[in-house]
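Since the structure comes first, as structure tokens, the remarks are kept for the end.
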Amino acid sequence: MGLDEKVQAARERLDAHVREMVEWHFNPESGCKFWLDHAAKLDFDPREKIHGYDDLRILGHFEDEWLRGGPVRRWVPKALADQPLYVFETGGSTGLPKSRVNIRDFQTDYELFSDTLSDETFPRGADWLMLGPTGPRRLRLAIEHLAQHRGGIAFHVDLDPRWVNRMIKAGNHQGLQDYKDHVTDQGLKILRGHDNVQCLFTTPKLLEALCEKVSLSKLGIKGIFCGGTEMNAQFNRFAREELVPGVDFIPTYGNTLMGLACCKPYDPADNYAITYYAPAPRAIFEIVDPDDPERLVDYDEVGRVMLTTLTKEFFMPRFLERDEGVRARPIEPYPWDGVTNLGLLTQLSDSVVVGVY
């Protein structure tokens, strides 16, 4: 099957998945209170009008404020109400944190991501160090599940990114450096004390801080899974050539609302540019005109990320993220649009603190 046929097949799969998720979330027997209440205010039945992804536009854009505050149980589908619930927060860098209820989504997302990792550089049975934001975020449990799914154990270092952001806003540079040293020193103790830790998750800033103190490859690290706002082509080159040469370096773009996007396999011809592809059909993003979100930008043009999440646990249509990037073409492993040169939306660059990310 050629790429064009794979693109068409992926689109048909997405449209079918949209129909299934709309039926689930707007059915009075299975849907959650939020979407059932929302549907009651519409002059149409989404289950009758929405036949594919493009039809989601009749619902407008998912609003940021809907996820701030409670009661969070309004997001739990009736058909899943007897399941154990998790609630995860976003980083909270733009006010009251957004909350997302989870049951198994975070585990499913990371099991799918696991399938893309090399067993040579992320060995089955190897242990992991998770050096990054913990607390109320799903990342901590997700990395632990990834390690367990691959037969390993996850070691963690507590880190509060909100405290980092507070020090940045206050201009407390010494306090910031002291906290970074405190966190990385704990990470180094784990790496030196546990020989089977061969895999690492961390953020770009913390990876750089670790590598200022030690050679990670000499401590037995074979694979690094790294994510954060500052993961650009310049850092990708810096990491591969200077920080961790010879170590498998996997950039990622993920968040509480989407799950985990995979990057295009490393190719020197890309000149270190990183391209991400959402985990379709569970989530999909489009790159749209920041001034007219109804318009999809052309390939190789910069636009704003518009995210749609489509799982039985969570339905979030056409949410305008705070990120921007270049619209990328489909590729063989991921026959749908991607995003290259991802970064913070230009309009927000002066008002949002990215902290440890």
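Identifiers in the structure tokens: chain A, B, ... in order shown; residue index from 1 per chain; ligand index from 1 in order shown.
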What lies within 6 Å of range 82-91 of chain A using only C-alpha atoms, ignoring chain neighbours under 4 positions off, as a PDB file with N, CA and C atoms, in the first residue's frame?
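In the end it all went to selection-v8.pdb:
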```
ATOM      1  N   PRO A  97      -5.084  25.368  37.638  1.00  0.00           N
ATOM      2  CA  PRO A  97      -4.757  24.244  36.748  1.00  0.00           C
ATOM      3  C   PRO A  97      -6.007  23.608  36.145  1.00  0.00           C
ATOM      4  N   LYS A  98      -5.862  23.142  34.916  1.00  0.00           N
ATOM      5  CA  LYS A  98      -6.900  22.331  34.301  1.00  0.00           C
ATOM      6  C   LYS A  98      -6.782  20.914  34.858  1.00  0.00           C
ATOM      7  N   SER A  99      -7.912  20.237  34.996  1.00  0.00           N
ATOM      8  CA  SER A  99      -7.932  18.871  35.517  1.00  0.00           C
ATOM      9  C   SER A  99      -8.538  17.941  34.484  1.00  0.00           C
ATOM     10  N   ARG A 100      -7.996  16.736  34.392  1.00  0.00           N
ATOM     11  CA  ARG A 100      -8.553  15.704  33.517  1.00  0.00           C
ATOM     12  C   ARG A 100      -8.706  14.411  34.295  1.00  0.00           C
ATOM     13  N   VAL A 101      -9.913  13.853  34.251  1.00  0.00           N
ATOM     14  CA  VAL A 101     -10.165  12.553  34.859  1.00  0.00           C
ATOM     15  C   VAL A 101      -9.608  11.460  33.950  1.00  0.00           C
ATOM     16  N   ASN A 102      -8.957  10.480  34.560  1.00  0.00           N
ATOM     17  CA  ASN A 102      -8.414   9.319  33.841  1.00  0.00           C
ATOM     18  C   ASN A 102      -8.849   8.046  34.537  1.00  0.00           C
ATOM     19  N   ILE A 103      -8.965   6.995  33.756  1.00  0.00           N
ATOM     20  CA  ILE A 103      -9.165   5.651  34.303  1.00  0.00           C
ATOM     21  C   ILE A 103      -7.995   4.779  33.846  1.00  0.00           C
ATOM     22  N   PRO A 136       0.675  16.191  41.122  1.00  0.00           N
ATOM     23  CA  PRO A 136      -0.651  15.830  40.604  1.00  0.00           C
ATOM     24  C   PRO A 136      -0.676  15.549  39.106  1.00  0.00           C
ATOM     25  N   ARG A 137       0.494  15.417  38.488  1.00  0.00           N
ATOM     26  CA  ARG A 137       0.535  15.224  37.037  1.00  0.00           C
ATOM     27  C   ARG A 137       0.538  13.743  36.682  1.00  0.00           C
ATOM     28  N   ARG A 138       0.009  13.441  35.525  1.00  0.00           N
ATOM     29  CA  ARG A 138      -0.066  12.040  35.121  1.00  0.00           C
ATOM     30  C   ARG A 138       1.304  11.507  34.707  1.00  0.00           C
TER      31      ARG A 138
END
```
**Request:** Find the residues near range 44-59 of chain A: any atom within 12 Å, counting only C-alpha atoms, skip ones fewer than 4 places away on the same chain, and give them as a ChimeraX atom specification.
**Result:** /A:10-28,31,35-36,38-40,63,280-281,283-286,293-296,306-310,315-319
Distance table requested - range 167-256 of chain A against range 119-127 of chain A, cut-off 6 Å, only C-alpha atoms: one row per qualifying residue with the closest atom pair and its distance in Å to one decimal, ordered by chain and rising residue number, as a tab-separated table.
```
residue	atom	partner	partner_atom	distance
A:Asn196	CA	A:Asp127	CA	5.5
A:Val197	CA	A:Asp127	CA	4.4
A:Gln198	CA	A:Ala126	CA	5.8
A:Lys222	CA	A:Thr121	CA	5.1
A:Gly223	CA	A:Thr121	CA	5.1
```
Output for the residues just chosen: C-alpha atoms as a CSV table (one decimal), in the first residue's frame:
```csv
chain,number,residue,atom,x,y,z
A,196,ASN,CA,20.1,-1.7,36.5
A,197,VAL,CA,18.8,1.9,35.8
A,198,GLN,CA,19.4,2.0,32.0
A,222,LYS,CA,21.3,3.5,27.1
A,223,GLY,CA,18.1,5.3,26.2
```
**Request:** Would you mind writing down, as a PyMOL selection string, each residue of range 85-266 of chain A that DSSP on the backbone assigns to strand (DSSP E)?
**Result:** chain A and resi 86-89+99-102+127-131+154-157+197-202+223-227+248-255+259-263
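For Leu96 in chain A, the residues within 12 Å (counting only C-alpha atoms, excluding itself and residues fewer than 6 positions away along the chain) are Asp64, Glu65, Trp66, Leu67, Arg68, Gly69, Gly70, Glu89, Thr90 and Arg162 of chain A.
Pairwise distance (CA of Arg150 in chain A, CA of Ile224 in chain A) equals 14.7 Å.
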**Request:** Could you please write out, as a ChimeraX atom specification, every residue of range 136-236 of chain A that DSSP assigns to alpha helix (DSSP H)?
**Result:** /A:138-149,161-170,173-193,204-211,233-236
**Prompt:** Hey, which of A:Asp4, A:Asp181, A:Asp37, A:Glu144 ends up closest to Leu159 in chain A? Count only C-alpha atoms.
**Reply:** A:Asp181
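Between CA of Tyr334 in chain A and CA of Val247 in chain A there is a distance of 24.3 Å.
Separating CA of Trp75 in chain A from CA of Met258 in chain A is a distance of 15.5 Å.
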Shell around Pro245 in chain A at 10 Å using only C-alpha atoms, local window under 4 positions removed, as a short mmCIF file (atom, residue, chain, number, x, y, z; two decimals) with C-alpha atoms, in the first residue's frame:
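Final output, saved to selection32.cif:
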```cif
data_model
loop_
_atom_site.label_atom_id
_atom_site.label_comp_id
_atom_site.auth_asym_id
_atom_site.auth_seq_id
_atom_site.Cartn_x
_atom_site.Cartn_y
_atom_site.Cartn_z
CA SER A 215 28.63 11.11 31.76
CA LEU A 216 25.28 9.33 31.61
CA SER A 217 26.56 6.66 29.23
CA ARG A 237 21.72 18.63 18.01
CA PHE A 238 23.29 19.63 21.34
CA ALA A 239 21.98 16.49 23.06
CA ARG A 240 22.99 14.05 20.32
CA GLU A 241 26.44 15.54 19.65
CA PHE A 249 17.71 10.06 22.38
#
```
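Of the residues listed (A:Thr256, A:Asn232, A:Thr134, A:Thr311), A:Asn232 shows the shortest atom-to-atom separation from Leu344 in chain A; distances use only C-alpha atoms.
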